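Engineer: You'll find my_file.txt just under this line, and it carries compact mmCIF, C-alpha atoms and all ligand atoms.
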# COMPACT_ATOMS: atom_id res chain seq x y z
CA MET S 122 21.87 -16.99 158.64
CA ARG S 123 22.86 -14.53 161.29
CA ARG S 124 19.29 -13.74 161.97
CA VAL S 125 18.76 -10.18 163.11
CA HIS S 126 16.16 -9.59 165.76
CA GLY S 127 15.02 -6.00 166.16
CA ARG S 128 15.23 -3.09 163.82
CA ASN S 129 18.81 -2.03 164.15
CA VAL S 130 20.80 -5.14 164.86
CA ARG S 131 21.34 -4.39 168.52
CA GLY S 132 20.29 -7.54 170.26
CA THR S 133 20.60 -11.20 169.66
CA TRP S 134 22.38 -12.81 166.76
CA ARG S 135 22.27 -16.48 165.96
CA PHE S 136 25.43 -18.12 164.66
CA ALA S 137 25.03 -21.57 163.26
CA GLY S 138 23.09 -22.83 166.23
CA ALA S 139 24.77 -20.78 168.95
CA VAL S 140 23.32 -17.58 170.30
CA ALA S 141 25.44 -14.53 170.98
CA THR S 142 24.13 -11.38 172.56
CA ARG S 143 25.68 -8.34 171.11
CA PRO S 144 26.52 -5.55 173.55
CA PRO S 145 24.96 -2.27 172.38
CA ASP S 146 28.32 -0.60 171.80
CA ALA S 147 30.06 -3.56 170.15
CA GLN S 148 31.93 -2.99 166.91
CA VAL S 149 30.65 -4.85 163.90
CA THR S 150 34.04 -6.49 163.47
CA THR S 151 33.86 -7.87 166.99
CA VAL S 152 30.52 -9.43 166.30
CA ILE S 153 31.79 -10.99 163.14
CA ALA S 154 34.77 -12.43 164.98
CA LEU S 155 32.41 -14.21 167.34
CA GLY S 156 30.81 -16.20 164.60
CA ARG S 157 31.77 -19.35 162.82
CA PRO S 158 31.35 -19.85 159.15
CA ILE S 159 27.99 -20.13 158.84
CA ARG S 160 25.38 -21.67 156.81
CA GLU S 161 22.07 -21.76 158.47
CA THR S 162 18.75 -22.16 156.79
CA ALA S 163 16.59 -19.16 157.45
CA GLY S 164 13.27 -19.64 155.74
CA PRO S 165 13.58 -19.55 152.01
CA MET S 166 16.90 -17.65 151.88
CA ASP S 167 20.25 -18.76 153.30
CA VAL S 168 22.82 -16.16 154.26
CA THR S 169 26.47 -17.10 154.52
CA VAL S 170 28.73 -14.62 156.28
CA VAL S 171 32.25 -15.60 155.32
CA ASP S 172 34.30 -15.59 158.49
CA HIS S 173 37.95 -15.93 157.50
CA PRO S 174 41.08 -13.98 158.45
CA LEU S 175 41.98 -13.23 154.83
CA ALA S 176 38.47 -12.00 154.10
CA ALA S 177 38.49 -9.87 157.25
CA ARG S 178 41.85 -8.34 156.36
CA ALA S 179 40.67 -7.54 152.83
CA LEU S 180 37.44 -6.05 154.12
CA THR S 181 39.38 -3.88 156.56
CA ARG S 182 41.43 -2.50 153.67
CA LEU S 183 38.24 -1.78 151.72
CA ARG S 184 36.70 0.03 154.66
CA ASP S 185 39.79 2.17 155.25
CA GLU S 186 39.15 5.63 153.80
CA SER S 187 42.87 6.05 153.09
CA THR S 188 42.99 3.06 150.70
CA ASP S 189 43.74 4.40 147.22
CA ARG S 190 41.74 3.39 144.18
CA ALA S 191 44.22 0.91 142.76
CA THR S 192 44.55 -0.89 146.08
CA PHE S 193 40.79 -0.79 146.60
CA ARG S 194 40.19 -2.42 143.23
CA GLN S 195 42.86 -5.06 143.78
CA THR S 196 41.58 -5.82 147.26
CA MET S 197 38.00 -6.20 146.09
CA ASP S 198 39.25 -8.63 143.47
CA GLU S 199 41.04 -10.64 146.20
CA LEU S 200 37.95 -10.70 148.37
CA ALA S 201 35.78 -11.64 145.39
CA GLY S 202 37.83 -14.82 145.03
CA ILE S 203 37.23 -15.79 148.65
CA LEU S 204 33.51 -15.10 148.34
CA ALA S 205 33.40 -17.11 145.13
CA TYR S 206 34.78 -20.19 146.90
CA GLU S 207 31.92 -20.03 149.36
CA ALA S 208 29.27 -19.28 146.75
CA CYS S 209 30.40 -22.28 144.66
CA ARG S 210 30.49 -24.74 147.53
CA THR S 211 27.30 -26.48 146.43
CA LEU S 212 27.85 -26.41 142.67
CA PRO S 213 27.23 -29.86 141.22
CA THR S 214 30.35 -31.69 140.04
CA GLU S 215 30.74 -34.67 137.75
CA PRO S 216 33.39 -37.33 138.38
CA PHE S 217 35.79 -38.42 135.67
CA GLU S 218 39.16 -40.15 135.59
CA VAL S 219 42.30 -38.13 134.95
CA ARG S 220 45.80 -39.52 134.34
CA THR S 221 48.66 -38.23 136.47
CA PRO S 222 52.24 -38.99 135.33
CA LEU S 223 51.97 -42.06 137.59
CA GLY S 224 48.55 -43.39 136.80
CA PRO S 225 44.80 -42.84 136.94
CA ALA S 226 43.28 -40.59 139.58
CA PRO S 227 39.74 -39.48 140.36
CA GLY S 228 38.88 -36.02 139.06
CA VAL S 229 35.84 -33.80 138.82
CA ARG S 230 34.51 -31.30 136.34
CA ILE S 231 31.81 -28.66 136.76
CA PRO S 232 29.39 -29.60 133.99
CA ALA S 233 27.18 -26.52 134.20
CA PRO S 234 29.05 -23.41 135.29
CA PRO S 235 26.68 -20.72 136.57
CA LEU S 236 25.72 -17.63 134.64
CA VAL S 237 27.50 -14.73 136.35
CA VAL S 238 25.67 -11.40 136.42
CA PRO S 239 27.48 -8.30 137.66
CA VAL S 240 25.16 -5.44 138.55
CA LEU S 241 26.71 -2.33 136.98
CA ARG S 242 28.75 -0.52 137.92
CA ALA S 243 30.08 -1.75 141.22
CA GLY S 244 29.44 -5.43 140.49
CA LEU S 245 32.27 -5.26 137.96
CA GLY S 246 34.66 -5.05 140.90
CA LEU S 247 33.75 -8.65 141.78
CA HIS S 248 33.67 -10.05 138.26
CA GLY S 249 37.35 -10.69 137.44
CA ALA S 250 37.74 -13.36 140.10
CA TRP S 251 34.79 -15.32 138.69
CA VAL S 252 36.11 -15.48 135.18
CA ARG S 253 39.51 -16.51 136.49
CA LEU S 254 38.05 -19.30 138.64
CA LEU S 255 35.41 -20.41 136.11
CA PRO S 256 36.83 -19.44 132.71
CA ASP S 257 34.04 -21.21 130.81
CA THR S 258 31.26 -19.36 132.52
CA ASP S 259 29.03 -16.90 130.65
CA THR S 260 28.45 -13.35 131.85
CA ALA S 261 25.34 -11.21 131.46
CA PHE S 262 25.16 -7.61 132.65
CA ILE S 263 22.41 -5.70 134.40
CA GLY S 264 22.74 -1.94 134.69
CA VAL S 265 20.79 -0.32 137.49
CA SER S 266 21.42 2.78 139.49
CA ARG S 267 19.76 3.69 142.72
CA ASN S 268 17.89 6.98 142.63
CA GLU S 269 19.34 8.71 145.67
CA ASP S 270 16.11 10.67 146.30
CA THR S 271 13.55 7.88 146.01
CA LEU S 272 16.02 5.03 146.75
CA GLN S 273 14.32 3.11 143.96
CA PRO S 274 16.39 1.15 141.42
CA GLU S 275 16.46 2.74 137.96
CA PRO S 276 17.37 0.16 135.32
CA TYR S 277 19.33 1.29 132.27
CA MET S 278 20.45 -1.89 130.52
CA ASN S 279 20.47 -5.64 130.60
CA SER S 280 22.03 -8.34 128.46
CA VAL S 281 20.34 -11.31 130.11
CA PRO S 282 19.33 -14.06 127.65
CA ALA S 283 15.58 -14.31 127.07
CA GLU S 284 15.41 -17.89 128.41
CA LEU S 285 17.65 -19.22 131.15
CA ASN S 286 16.07 -22.67 131.37
CA GLY S 287 16.68 -23.15 135.07
CA ARG S 288 20.34 -22.25 134.89
CA THR S 289 22.22 -21.52 138.12
CA VAL S 290 22.85 -17.79 138.45
CA ILE S 291 25.28 -15.76 140.54
CA VAL S 292 24.45 -12.06 140.95
CA LEU S 293 27.37 -9.80 141.89
CA ASP S 294 26.91 -6.49 143.68
CA PRO S 295 29.29 -5.49 146.46
CA MET S 296 26.75 -3.38 148.36
CA LEU S 297 23.38 -4.69 149.52
CA ALA S 298 21.85 -1.63 151.18
CA THR S 299 18.05 -1.42 150.88
CA GLY S 300 18.26 -4.49 148.65
CA GLY S 301 16.34 -2.72 145.88
CA SER S 302 19.05 -3.12 143.24
CA MET S 303 19.67 -6.78 144.01
CA ALA S 304 15.92 -7.45 144.07
CA HIS S 305 15.50 -5.74 140.70
CA ALA S 306 18.24 -7.91 139.18
CA ALA S 307 16.92 -11.10 140.78
CA ARG S 308 13.35 -10.39 139.65
CA LEU S 309 14.45 -9.88 136.06
CA LEU S 310 16.46 -13.10 136.18
CA ARG S 311 13.54 -15.03 137.69
CA GLN S 312 11.26 -13.72 134.95
CA ARG S 313 13.71 -15.17 132.42
CA GLY S 314 13.73 -18.59 134.01
CA ALA S 315 16.71 -18.54 136.38
CA GLY S 316 17.25 -21.63 138.51
CA PRO S 317 19.10 -21.59 141.85
CA MET S 318 20.23 -18.03 142.46
CA THR S 319 22.90 -16.67 144.78
CA GLY S 320 23.66 -13.01 145.45
CA VAL S 321 27.28 -12.24 146.29
CA CYS S 322 28.13 -9.03 148.06
CA VAL S 323 30.87 -7.56 150.20
CA LEU S 324 28.61 -5.82 152.70
CA ALA S 325 24.97 -6.28 153.52
CA ALA S 326 22.68 -4.22 155.71
CA PRO S 327 20.17 -6.08 157.86
CA GLU S 328 17.40 -4.03 156.27
CA GLY S 329 18.43 -5.18 152.79
CA LEU S 330 18.65 -8.81 153.83
CA ARG S 331 15.20 -8.65 155.36
CA HIS S 332 13.79 -7.05 152.24
CA LEU S 333 15.35 -9.68 150.01
CA GLU S 334 14.18 -12.49 152.21
CA GLU S 335 10.64 -11.13 152.00
CA THR S 336 10.74 -11.07 148.21
CA GLY S 337 11.69 -14.76 148.13
CA LEU S 338 13.70 -14.11 144.96
CA LEU S 339 17.11 -15.37 146.06
CA ASP S 340 18.06 -18.76 147.45
CA HIS S 341 21.30 -17.65 149.03
CA VAL S 342 23.31 -14.57 149.85
CA VAL S 343 27.06 -14.73 150.45
CA THR S 344 28.63 -11.70 152.10
CA ALA S 345 31.84 -10.78 153.89
CA ALA S 346 29.91 -8.99 156.64
CA VAL S 347 26.53 -7.79 157.81
CA ASP S 348 26.94 -4.21 158.98
CA ASP S 349 25.08 -2.30 161.62
CA HIS S 350 22.35 -0.35 159.86
CA LEU S 351 21.50 2.03 157.02
CA ASP S 352 22.17 5.67 157.76
CA GLU S 353 19.84 8.54 156.92
CA ARG S 354 20.98 8.44 153.25
CA ALA S 355 20.42 4.67 153.16
CA PHE S 356 24.18 4.08 153.01
CA ILE S 357 25.46 0.98 154.78
CA TYR S 358 26.97 2.04 158.12
CA PRO S 359 29.84 1.86 158.93
CA GLY S 360 30.28 0.40 155.44
CA LEU S 361 33.04 1.41 153.09
CA GLY S 362 31.54 4.41 151.32
CA ASP S 363 30.37 4.32 147.71
CA ALA S 364 31.85 1.18 146.16
CA GLY S 365 31.22 2.31 142.57
CA ASP S 366 32.95 5.64 143.12
CA ARG S 367 35.87 4.05 144.95
CA LEU S 368 36.33 1.54 142.12
CA PHE S 369 35.78 3.81 139.15
CA GLY S 370 35.71 7.45 140.28
CA THR S 371 32.90 9.91 139.79
CA ALA S 372 33.24 10.75 136.09
C1 LIG S 401 25.01 1.20 144.70
C2 LIG S 401 25.62 -0.16 144.99
C3 LIG S 401 24.47 -1.10 144.76
C4 LIG S 401 23.28 -0.28 145.23
C5 LIG S 401 22.92 -0.70 146.61
O1 LIG S 401 24.99 1.37 143.33
O2 LIG S 401 26.73 -0.45 144.18
O3 LIG S 401 24.30 -1.44 143.40
O4 LIG S 401 23.69 1.10 145.23
O5 LIG S 401 21.80 -0.01 147.05
P1 LIG S 401 20.40 -0.68 147.29
O6 LIG S 401 20.64 -2.01 147.91
O7 LIG S 401 19.73 0.29 148.22
O8 LIG S 401 19.70 -0.77 145.97
P2 LIG S 401 24.70 2.73 142.62
O9 LIG S 401 23.25 2.88 142.32
O10 LIG S 401 25.31 3.87 143.39
O11 LIG S 401 25.40 2.55 141.22
P3 LIG S 401 26.93 2.24 140.86
O12 LIG S 401 27.18 0.80 141.14
O13 LIG S 401 26.98 2.58 139.42
O14 LIG S 401 27.81 3.14 141.70
Any chance you could give the structure as structure tokens?
Ligand code: PRP

Structural biologist:
Amino acid sequence: MRRVHGRNVRGTWRFAGAVATRPPDAQVTTVIALGRPIRETAGPMDVTVVDHPLAARALTRLRDESTDRATFRQTMDELAGILAYEACRTLPTEPFEVRTPLGPAPGVRIPAPPLVVPVLRAGLGLHGAWVRLLPDTDTAFIGVSRNEDTLQPEPYMNSVPAELNGRTVIVLDPMLATGGSMAHAARLLRQRGAGPMTGVCVLAAPEGLRHLEETGLLDHVVTAAVDDHLDERAFIYPGLGDAGDRLFGTA
């Protein structure tokens, strides 16, 4: 994990064993460019910050306030695919033999695709890539909206099976701000018997990552970037605005 020391990210970041000191006025994108891809055990929760030119380009387009809705949606879908590759890196595979036109070759199958759980609404923006890459996977939905006065998650629906029997679960929510929504979803899934659980987001705030790590609910978070801080409205800064509204409007 890029471990954050100090309240507001200014200070020392740890990248996969190396230490980089972030100048106080550095741009978030500069910091991200310093890192390597990145899987470092940090207590009970790993955080992977996907450091890849295609992910960085897509994230830039999402951040850009002039990106129209259609392009925003398409770009989030592109980025979701890249994040999915990283989130699936440790999925168990099973070997079997396949026949090419020339002869036998070693192949693999994924015997137990994860349950994918988009957190409504914005999590839907990440969902298409998962069903394309893992067409046999099941999807369950959790609806939760953050009360903008109390910042508490307010659940309004869920279609999670009553018993998950240790199944691997992927929770999709592009924005991890305070972490309250992700924690709500992860708690519900734990209560229903989820096994290894990964949260996939586009942007995370250090405050949200710390909160999630303290809950001990998730094993792993995959994100395209860790931004600077939460602003006074608890929006991720500099962020990309309101992902749900940019994907689906304000109706
Ligand atoms: C936003 C966002 C996350 C949540 C993040 O959703 O999409 O779900 O807030 O905030 P948190 O980490 O502080 O809980 P919102 O409640 O606006 O609903 P929406 O997805 O329907 O837009």

Engineer: Which chains and residue numbers are within 6 Å of ligand LIG 401 (chain S), counting all atoms listed in the file, if I want them as a list in words?

Structural biologist: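 What falls inside 6 Å of ligand LIG 401 (chain S) is Leu241, Arg242, Ala243, Ser266, Arg267, Pro274, Asp294, Met296, Leu297, Ala298, Thr299, Gly300, Gly301, Ser302, Ala364, Gly365 and Asp366 of chain S.
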
Engineer: Store the residues picked out above in a file with C-alpha atoms, as a PDB file, in the coordinates of the input.

Structural biologist:
ATOM      1  CA  LEU S 241      26.710  -2.330 136.980  1.00  0.00           C
ATOM      2  CA  ARG S 242      28.750  -0.520 137.920  1.00  0.00           C
ATOM      3  CA  ALA S 243      30.080  -1.750 141.220  1.00  0.00           C
ATOM      4  CA  SER S 266      21.420   2.780 139.490  1.00  0.00           C
ATOM      5  CA  ARG S 267      19.760   3.690 142.720  1.00  0.00           C
ATOM      6  CA  PRO S 274      16.390   1.150 141.420  1.00  0.00           C
ATOM      7  CA  ASP S 294      26.910  -6.490 143.680  1.00  0.00           C
ATOM      8  CA  MET S 296      26.750  -3.380 148.360  1.00  0.00           C
ATOM      9  CA  LEU S 297      23.380  -4.690 149.520  1.00  0.00           C
ATOM     10  CA  ALA S 298      21.850  -1.630 151.180  1.00  0.00           C
ATOM     11  CA  THR S 299      18.050  -1.420 150.880  1.00  0.00           C
ATOM     12  CA  GLY S 300      18.260  -4.490 148.650  1.00  0.00           C
ATOM     13  CA  GLY S 301      16.340  -2.720 145.880  1.00  0.00           C
ATOM     14  CA  SER S 302      19.050  -3.120 143.240  1.00  0.00           C
ATOM     15  CA  ALA S 364      31.850   1.180 146.160  1.00  0.00           C
ATOM     16  CA  GLY S 365      31.220   2.310 142.570  1.00  0.00           C
ATOM     17  CA  ASP S 366      32.950   5.640 143.120  1.00  0.00           C
TER      18      ASP S 366
END

Engineer: Pick out the closest residue to Arg308 (chain S) from this set: S:Leu338, S:Ala345, S:Leu204, S:Val168. Count only C-alpha atoms.

Structural biologist: S:Leu338

Engineer: So which one's closest to Thr258 (chain S), S:Leu272, S:Ile203, S:Val238, S:Ala315? Using all atoms listed in the file, please.

Structural biologist: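 With all atoms listed in the file as the atom set, the closest residue is S:Val238.
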
Engineer: From the list S:Gly246, S:Arg253, S:Leu310, S:Pro213, which residue is nearest Arg190 (chain S) when using all atoms listed in the file?

Structural biologist: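 Of all the options, S:Gly246 lies closest to Arg190 (chain S).
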
Engineer: When you count all atoms listed in the file, which of these residues is closest to Thr181 (chain S): S:Thr371, S:Asn268, S:Thr196, S:Gln273?

Structural biologist: S:Thr196

Engineer: Just the residues within 12 Å of Gly314 (chain S), please, counting only C-alpha atoms, with nothing from its chain fewer than 4 positions along; format it as number ranges by chain.

Structural biologist: S: 281-290, 307-310, 318, 338

Engineer: List the neighbours of Glu199 (chain S) out to 8 Å using all atoms listed in the file; skip same-chain residues closer than 4 positions along the sequence, and give me the result as a list in words.

Structural biologist: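 Returned residues: Ala179, Gln195, Ile203 and Ala250 of chain S.
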
Engineer: Sort by chain and increasing residue number a table of all residues of region 144-263 of chain S within 8 Å of region 347-361 of chain S, each with its closest pair of atoms and their distance in Å to one decimal, counting only C-alpha atoms, and write it as a Markdown table.

Structural biologist:
| residue | atom | partner | partner_atom | distance |
| --- | --- | --- | --- | --- |
| S:Val149 | CA | S:Asp348 | CA | 6.2 |
| S:Val170 | CA | S:Val347 | CA | 7.3 |
| S:Leu183 | CA | S:Leu361 | CA | 6.3 |
| S:Arg184 | CA | S:Leu361 | CA | 4.2 |
| S:Asp185 | CA | S:Leu361 | CA | 7.1 |
| S:Glu186 | CA | S:Leu361 | CA | 7.5 |

Engineer: By how many Å are CA of Leu293 (chain S) and CA of His248 (chain S) apart?

Structural biologist: 7.3 Å

Engineer: Please work out which residues fall within 8 Å of (20.0, -11.2, 152.4), coordinates as given in the file, with only C-alpha atoms counting, and return them as an MDAnalysis selection string.

Structural biologist: chainID S and resid 166:168 297 300 325 327 329:334 341:342

Engineer: Set the distance at 9 Å and use all atoms listed in the file: which residues neighbour Val219 (chain S) once local chain neighbours fewer than 3 positions away are removed? I'd like the list as a PyMOL selection string.

Structural biologist: chain S and resi 224-229

Engineer: So how far away is CA of Asn279 (chain S) from CA of Arg210 (chain S), in Å?

Structural biologist: 27.4 Å

Engineer: In the coordinate frame of the file, compute which residues have an atom within 9 Å of (29.5, -20.2, 143.9) when using all atoms listed in the file, and state them as a count of residues only.

Structural biologist: 16

Engineer: Skipping near chain neighbours, those fewer than 6 positions away, what residues fall within 8 Å of Thr260 (chain S) using all atoms listed in the file, listed as a PyMOL selection string?

Structural biologist: chain S and resi 236-239

Engineer: Just to confirm, what's the straight-line distance from CA of Asp198 (chain S) to CA of Val323 (chain S) in Å (one decimal)?

Structural biologist: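 So the two atoms, CA of Asp198 (chain S) and CA of Val323 (chain S), lie 10.8 Å apart.
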